[in-house]
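The structure under discussion appears below in the form of structure tokens.
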Number of protein chains: 2
Amino acid sequence: MSAFDYASERAEESVQALLRLLRIPSISALPSHAGDTRQAAAVTADLLRGAGMENVHLAEPATGYPVVRGDWLGAPGKPTLLLYGHYDVQPPDPLEEWKSPPFEPAVEDGRITARGASDNKGQFVAILKGVEAVMQTEGRLPVNVKWAIEGEEESGGKALPNYLREHKEEMAGDTVFVADNHFPAPGLPAILTGLRGLLYLELEAEGAAVDLHSGTYGGAAPNPFNALAWVIAGLKDPQGRVTIPGFYDRVVDPGTDEVDSWKRLGIDEERLLRDEIGSDSFFGEPGYSVLHRLYARPTLDVHGIRGGFTGEGAKTVIPASAVAKISMRLVPEQDPREILAAFEKRVQELATPGVRLTVKPINVDPPVKMAVGGRGVQAAVRAFKRGFGADPVMVRMGGSIPVMSAFQEALGVELVASGFGLPDDRLHSPNEKFDLAQFQGGIRTTAAMLEEFA
Amino acid sequence: MSAFDYASERAEESVQALLRLLRIPSISALPSHAGDTRQAAAVTADLLRGAGMENVHLAEPATGYPVVRGDWLGAPGKPTLLLYGHYDVQPPDPLEEWKSPPFEPAVEDGRITARGASDNKGQFVAILKGVEAVMQTEGRLPVNVKWAIEGEEESGGKALPNYLREHKEEMAGDTVFVADNHFPAPGLPAILTGLRGLLYLELEAEGAAVDLHSGTYGGAAPNPFNALAWVIAGLKDPQGRVTIPGFYDRVVDPGTDEVDSWKRLGIDEERLLRDEIGSDSFFGEPGYSVLHRLYARPTLDVHGIRGGFTGEGAKTVIPASAVAKISMRLVPEQDPREILAAFEKRVQELATPGVRLTVKPINVDPPVKMAVGGRGVQAAVRAFKRGFGADPVMVRMGGSIPVMSAFQEALGVELVASGFGLPDDRLHSPNEKFDLAQFQGGIRTTAAMLEEFA
């Protein structure tokens, strides 16, 4: 019997395994659900054992929730695939908007509705059941696998990155396969080939020692807000091009194949502008398409400016200080530390008399680039063709996925980021769902992935 | 007997009249003190009658506190002097910092400590007792006088400006004499020759229809904060010069006599920078002294920018909108409506794609200029020489005094703004005080003012 046939025959059993996990409200962000979150870890370990994995255990961090580990290393000489998932979920609020209770999964019309159905229990259980199908039909796997399923993805915990850093040898491998994303459109799988990095910082301008009245001191006292405006206006020009010297030096343009592949997404710019942004015009760097700018060009945005008076009426304060929250999205191969240094230098050049400027970094996350021609990506392309009958498109994402950076930085492995969800899965929202056909396709794709990767 | 001798003999009686008023907690900003505020109006009317004024009455506005009126019009053919004061006071908080209760005046070491002692009960009672001294010794006044003493100065009420606008003929006169200020230094009286105006507004930048995530939309969505930075940076250059076309067109430079007179103030710029501003450098328009910039040059300051995310951490929002609070201090003869139009035009020129900018005016107060050579100012110069034995210096103020604009706009009279207080009177603060010598000097100066003005 083939793994695909096995998966098909045991489809109902796979759904039941997933439902078992979905019934546990493993909300890692809420301390009141600590017991549930730990129970989800235990059930996950149980499922790994059921799939024939060895050395299954919970790796307990100093604080926080365990990383569920398990391996199958019976293919010496063959490559090693790392498999990822997270057993924690988002809080379900607002509860009143759910049509069925978030932790009492409803299976109806070919879909499972429950918190975590798509993000990420349904997706990692698909991987697990795909591995199990091969194991049960072949009695072995064609490659080695190592699992790391975390419980802090939704609460920003550091247990997984710390674990990877501290277990580099144990976790050594060739490629990590992550399914925590969705198809751009029904019937169109996608593989991520790049994620923008994030350099987020606070820029503080300090002028007078105390807040001053503009009637008495206006014209003599330095104003931190005006000073910030000159600095911010000097970081990006009104055409949308960042003017920090050296900012674009290391930017690597995507290949023409990749740019061509984006056309398959059929992005309707007019619709994007009207329905998603809701403005009368895009704003961004000239000379690039909107999608190119979102996927593969860096940018700089101000998120807020703190200080002074923002209430009703006319308080004429010249505040002692003001703080701008600014971030830069970075693309391969920009180095966030190098950009931070260039930013600081530029800021000091733009300082006006009487104002001291200081930069405090908050996030320094590098961009992530996946090689389109890599072994894992190519195997995944073929696996999706077999699992879903469709050629995946190569996409990028404008935002960062911390777990990708964690695997890249700690282990230096090839990254294959994809997903089995659909765009209407309502992640983080009421009535989150996962289509059974996508679940089954994910199981088949994983089974195929093991073979193709070997 | 001369009016000066009369004032001197009745000094204790004058103090008692002031104490009677100071015992009333006429805090116009607190509704719980409405009765007290009305009682202060009644006592003020009583004092006017005692000074020999006629037609004394409370002019009741539609809402708020009455204007205390009273005239003496027995000098046909002679000029008419308008006299001003306010019978309301600031709240006394924080109470625990007062050495004696704020509404139980303490007379000690040649000073009266009480809320309102200097601002403004002590100062207008000095004027009243000066008028009374002339009336009692001469049986008449050498000029006509009309009183308007308001009760909403500390709470921003509109009763007085409305009254003046609605009683233009009744209130017609040549000059208004206001004592609601202080000497720049002990022994150095001052007469105001200019006040900066205030054009205060909100500038809103609207981009996307909803808040967006910079990972997903950064590089395509317009950012209202960046847009505001370009606009603000385009309104004033990093050297401190406002770059709105036409902004400086109507600015009238002060005469050399006036600029020379400022030297008598002995302003120590080093001390101002170190002790008051507390920065390492002034910031302002090049080519002018610091005092010149504060007194007689217009400027533009940002007071706060509302919107987006200003908390701890790294929320990467591109907000739908942001609002900057901006004001311009204006000097004679700038027209705030003309400047507002120029501001709006400049702002629209600086708009970047995808962002709509709207300007909402909050304050549109014109600058106030007093003629150094006017009849009232020259009379006041001589009166101060006689009352205090010192030649007053001509000063300006960076901030606006709404009552001056009210008299100027409604009646078009000459403005003489001065004061009998000292710089350490602690207006609006605990332990407000008024020196008895300044009170007596104010009485003498007013008596002299009536003669000199005739």
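For the structure tokens, the naming scheme is as follows: chains receive sequential letters (A, B, ...) according to their order of presentation, residues are indexed from 1 within each chain, and ligands are indexed from 1 in presentation order.
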
May I have the residues within 7 Å of range 51-60 of chain B as a compact mmCIF listing (two decimals) with N, CA and C atoms, in the first residue's frame, using only C-alpha atoms and disregarding those fewer than 4 positions away in the same chain?
# COMPACT_ATOMS: atom_id res chain seq x y z
N ALA B 45 -17.88 96.05 43.41
CA ALA B 45 -18.81 97.14 43.10
C ALA B 45 -18.89 98.13 44.27
N LEU B 47 -16.56 98.72 46.46
CA LEU B 47 -15.32 99.51 46.52
C LEU B 47 -15.36 100.64 45.48
N TYR B 65 -19.74 84.99 34.81
CA TYR B 65 -19.70 85.98 35.89
C TYR B 65 -19.78 87.40 35.37
N PRO B 66 -20.38 88.29 36.17
CA PRO B 66 -20.63 89.66 35.69
C PRO B 66 -19.35 90.48 35.52
N VAL B 67 -19.46 91.44 34.63
CA VAL B 67 -18.45 92.49 34.51
C VAL B 67 -18.89 93.62 35.46
N VAL B 68 -17.99 94.01 36.36
CA VAL B 68 -18.32 95.10 37.27
C VAL B 68 -18.04 96.41 36.55
N ARG B 69 -19.08 97.21 36.41
CA ARG B 69 -18.99 98.48 35.69
C ARG B 69 -19.16 99.65 36.65
N GLY B 70 -18.72 100.81 36.22
CA GLY B 70 -18.83 102.05 36.99
C GLY B 70 -18.06 103.11 36.23
N ASP B 71 -18.52 104.36 36.28
CA ASP B 71 -17.88 105.44 35.52
C ASP B 71 -17.72 106.66 36.40
N TRP B 72 -16.92 107.54 35.92
CA TRP B 72 -16.99 108.94 36.37
C TRP B 72 -16.75 109.76 35.12
N LEU B 128 -7.81 101.51 41.95
CA LEU B 128 -9.03 102.05 42.54
C LEU B 128 -8.71 103.07 43.65
N VAL B 131 -7.42 106.32 42.16
CA VAL B 131 -8.52 107.15 41.67
C VAL B 131 -9.23 107.81 42.85
N GLU B 132 -9.46 107.02 43.90
CA GLU B 132 -10.16 107.53 45.09
C GLU B 132 -9.38 108.68 45.74
N MET B 135 -9.99 111.76 43.75
CA MET B 135 -11.38 112.16 43.94
C MET B 135 -11.58 112.83 45.30

Practice task
Up to 6 Å from chain A, what residues of chain B turn up? Count only C-alpha atoms and give them as a ChimeraX atom specification.
Solution key: /B:207-209,215-216,219-222,225,229-230,233,277-284,293-294,299,302-304,306,308-310,317-318,353-354,398-399

Can you list every residue in range 130-172 of chain A that DSSP puts in strand (DSSP E), as a PyMOL selection string? chain A and resi 144-150

Output for the residues just chosen: C-alpha atoms as a compact mmCIF listing (two decimals), in the first residue's frame:
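Okay, again.txt is ready:
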# COMPACT_ATOMS: atom_id res chain seq x y z
CA ASN A 144 16.31 11.27 9.00
CA VAL A 145 13.90 13.60 10.82
CA LYS A 146 14.16 15.67 13.97
CA TRP A 147 11.13 17.34 15.51
CA ALA A 148 10.95 20.59 17.51
CA ILE A 149 7.37 21.60 18.35
CA GLU A 150 7.20 24.67 20.56

Pairwise distance, CA of Gly157 in chain B with CA of Ala34 in chain B, equals 13.5 Å

If we count only C-alpha atoms, what is near Phe434 in chain B at a cut-off of 12 Å, once residues fewer than 5 positions away on the same chain are taken out, given as a PDB file with C-alpha atoms, in the first residue's frame?
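As written to disk, selection14.pdb reads:
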ATOM      1  CA  VAL B  15      -4.852  97.521  52.843  1.00  0.00           C
ATOM      2  CA  LEU B  18      -7.803  94.753  49.749  1.00  0.00           C
ATOM      3  CA  LEU B  19      -7.905  92.196  52.582  1.00  0.00           C
ATOM      4  CA  LEU B  22      -8.699  88.634  49.409  1.00  0.00           C
ATOM      5  CA  PRO B 105      -4.336  86.915  54.077  1.00  0.00           C
ATOM      6  CA  ALA B 106      -1.185  87.226  56.187  1.00  0.00           C
ATOM      7  CA  VAL B 107       0.335  90.730  56.445  1.00  0.00           C
ATOM      8  CA  GLU B 108       3.930  90.337  57.499  1.00  0.00           C
ATOM      9  CA  ASP B 109       7.359  91.713  56.648  1.00  0.00           C
ATOM     10  CA  GLY B 110       5.851  94.360  54.394  1.00  0.00           C
ATOM     11  CA  ARG B 111       3.901  91.974  52.213  1.00  0.00           C
ATOM     12  CA  ILE B 112       0.470  90.395  51.935  1.00  0.00           C
ATOM     13  CA  THR B 113       0.447  86.653  51.332  1.00  0.00           C
ATOM     14  CA  ALA B 114      -2.812  85.356  49.824  1.00  0.00           C
ATOM     15  CA  ARG B 115      -4.197  83.926  46.606  1.00  0.00           C
ATOM     16  CA  GLY B 116      -4.952  86.895  44.351  1.00  0.00           C
ATOM     17  CA  ALA B 117      -2.749  89.321  46.311  1.00  0.00           C
ATOM     18  CA  SER B 118      -0.810  90.259  43.172  1.00  0.00           C
ATOM     19  CA  ASP B 119      -2.964  88.591  40.484  1.00  0.00           C
ATOM     20  CA  ASN B 120      -5.042  90.712  40.287  1.00  0.00           C
ATOM     21  CA  LYS B 121      -6.911  91.980  43.332  1.00  0.00           C
ATOM     22  CA  GLY B 122      -3.936  93.888  44.775  1.00  0.00           C
ATOM     23  CA  GLN B 123      -3.212  95.555  41.463  1.00  0.00           C
ATOM     24  CA  VAL B 125      -7.404  97.847  44.155  1.00  0.00           C
ATOM     25  CA  ALA B 126      -4.232  99.979  43.835  1.00  0.00           C
ATOM     26  CA  ASN B 181       1.942  92.307  35.134  1.00  0.00           C
ATOM     27  CA  HIS B 182       5.129  92.799  37.098  1.00  0.00           C
ATOM     28  CA  GLY B 419       1.880  96.283  36.450  1.00  0.00           C
ATOM     29  CA  PHE B 420       2.865  96.877  40.021  1.00  0.00           C
ATOM     30  CA  GLY B 421       3.951  93.324  40.928  1.00  0.00           C
ATOM     31  CA  LEU B 422       7.451  91.977  41.393  1.00  0.00           C
ATOM     32  CA  PRO B 423       9.001  88.946  39.633  1.00  0.00           C
ATOM     33  CA  ASP B 424       8.868  86.859  42.832  1.00  0.00           C
ATOM     34  CA  ASP B 425       5.121  87.318  43.443  1.00  0.00           C
ATOM     35  CA  ARG B 426       4.470  83.593  42.729  1.00  0.00           C
ATOM     36  CA  LEU B 427       1.366  84.115  40.594  1.00  0.00           C
ATOM     37  CA  PHE B 439       0.740  98.465  46.423  1.00  0.00           C
ATOM     38  CA  GLN B 440       1.358 102.002  47.686  1.00  0.00           C
ATOM     39  CA  GLY B 441       3.499 102.839  44.633  1.00  0.00           C
ATOM     40  CA  GLY B 442       0.664 101.591  42.430  1.00  0.00           C
TER      41      GLY B 442
END

Review point. DSSP says helix (DSSP H, G or I) for which residues of range 6-58 of chain B? Put them as a VMD selection string?
Key: chain B and resid 6 to 9 11 to 22 31 to 50

What separates CA of Pro402 in chain A and CA of Pro94 in chain A is a distance of 26.1 Å

What's around Val381 in chain B at 9 Å? Count only C-alpha atoms, leave out sequence neighbours fewer than 6 positions away in its own chain, and write the answer as an MDAnalysis selection string. chainID B and resid 190:191 391:393 449

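Note that the spacing between CA of Gly374 in chain A and CA of Val143 in chain A amounts to 16.6 Å.
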
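For the set A:Leu415, A:Ala133, A:Leu330, A:Leu73, the residue with the smallest atom-to-atom gap to Ser14 in chain A is A:Ala133, counting only C-alpha atoms.
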
| Near-Thr445 in chain B list (9 Å; only C-alpha atoms; drop same-chain fewer than 2 positions) as a ChimeraX atom specification | /B:126-127,130,380,382-388,440-443,447-450

Can I get the selected residues back with N, CA and C atoms, as a compact mmCIF listing (two decimals), in the first residue's frame?
# COMPACT_ATOMS: atom_id res chain seq x y z
N ALA B 126 -5.17 98.86 43.86
CA ALA B 126 -4.23 99.98 43.84
C ALA B 126 -4.74 101.07 42.88
N ILE B 127 -5.19 100.65 41.69
CA ILE B 127 -5.72 101.62 40.73
C ILE B 127 -6.94 102.34 41.34
N GLY B 130 -5.96 104.74 43.94
CA GLY B 130 -5.33 105.91 43.32
C GLY B 130 -6.38 106.88 42.80
N ALA B 380 1.89 107.36 31.20
CA ALA B 380 2.26 106.30 32.14
C ALA B 380 3.75 106.37 32.48
N ARG B 382 5.57 109.05 32.68
CA ARG B 382 5.75 110.12 33.67
C ARG B 382 5.14 109.72 35.02
N ALA B 383 4.00 109.05 34.97
CA ALA B 383 3.33 108.64 36.21
C ALA B 383 4.20 107.66 37.00
N PHE B 384 4.82 106.70 36.32
CA PHE B 384 5.69 105.75 37.03
C PHE B 384 6.90 106.46 37.63
N LYS B 385 7.43 107.46 36.90
CA LYS B 385 8.55 108.22 37.45
C LYS B 385 8.14 108.87 38.76
N ARG B 386 6.91 109.41 38.79
CA ARG B 386 6.44 110.07 40.02
C ARG B 386 6.05 109.04 41.08
N GLY B 387 5.40 107.97 40.68
CA GLY B 387 4.88 106.99 41.64
C GLY B 387 5.96 106.11 42.25
N PHE B 388 6.95 105.75 41.43
CA PHE B 388 7.99 104.83 41.92
C PHE B 388 9.39 105.45 41.87
N GLN B 440 1.39 100.55 47.47
CA GLN B 440 1.36 102.00 47.69
C GLN B 440 1.89 102.75 46.45
N GLY B 441 2.95 102.23 45.86
CA GLY B 441 3.50 102.84 44.63
C GLY B 441 2.48 102.80 43.50
N GLY B 442 1.70 101.72 43.46
CA GLY B 442 0.66 101.59 42.43
C GLY B 442 -0.43 102.62 42.62
N ILE B 443 -0.78 102.87 43.87
CA ILE B 443 -1.80 103.89 44.17
C ILE B 443 -1.29 105.26 43.72
N ALA B 447 -2.73 107.74 40.67
CA ALA B 447 -3.12 109.14 40.91
C ALA B 447 -2.37 110.06 39.94
N ALA B 448 -1.08 109.80 39.78
CA ALA B 448 -0.27 110.62 38.87
C ALA B 448 -0.71 110.42 37.42
N MET B 449 -1.08 109.18 37.12
CA MET B 449 -1.49 108.84 35.74
C MET B 449 -2.69 109.68 35.32
N LEU B 450 -3.66 109.86 36.24
CA LEU B 450 -4.86 110.65 35.90
C LEU B 450 -4.46 112.07 35.53
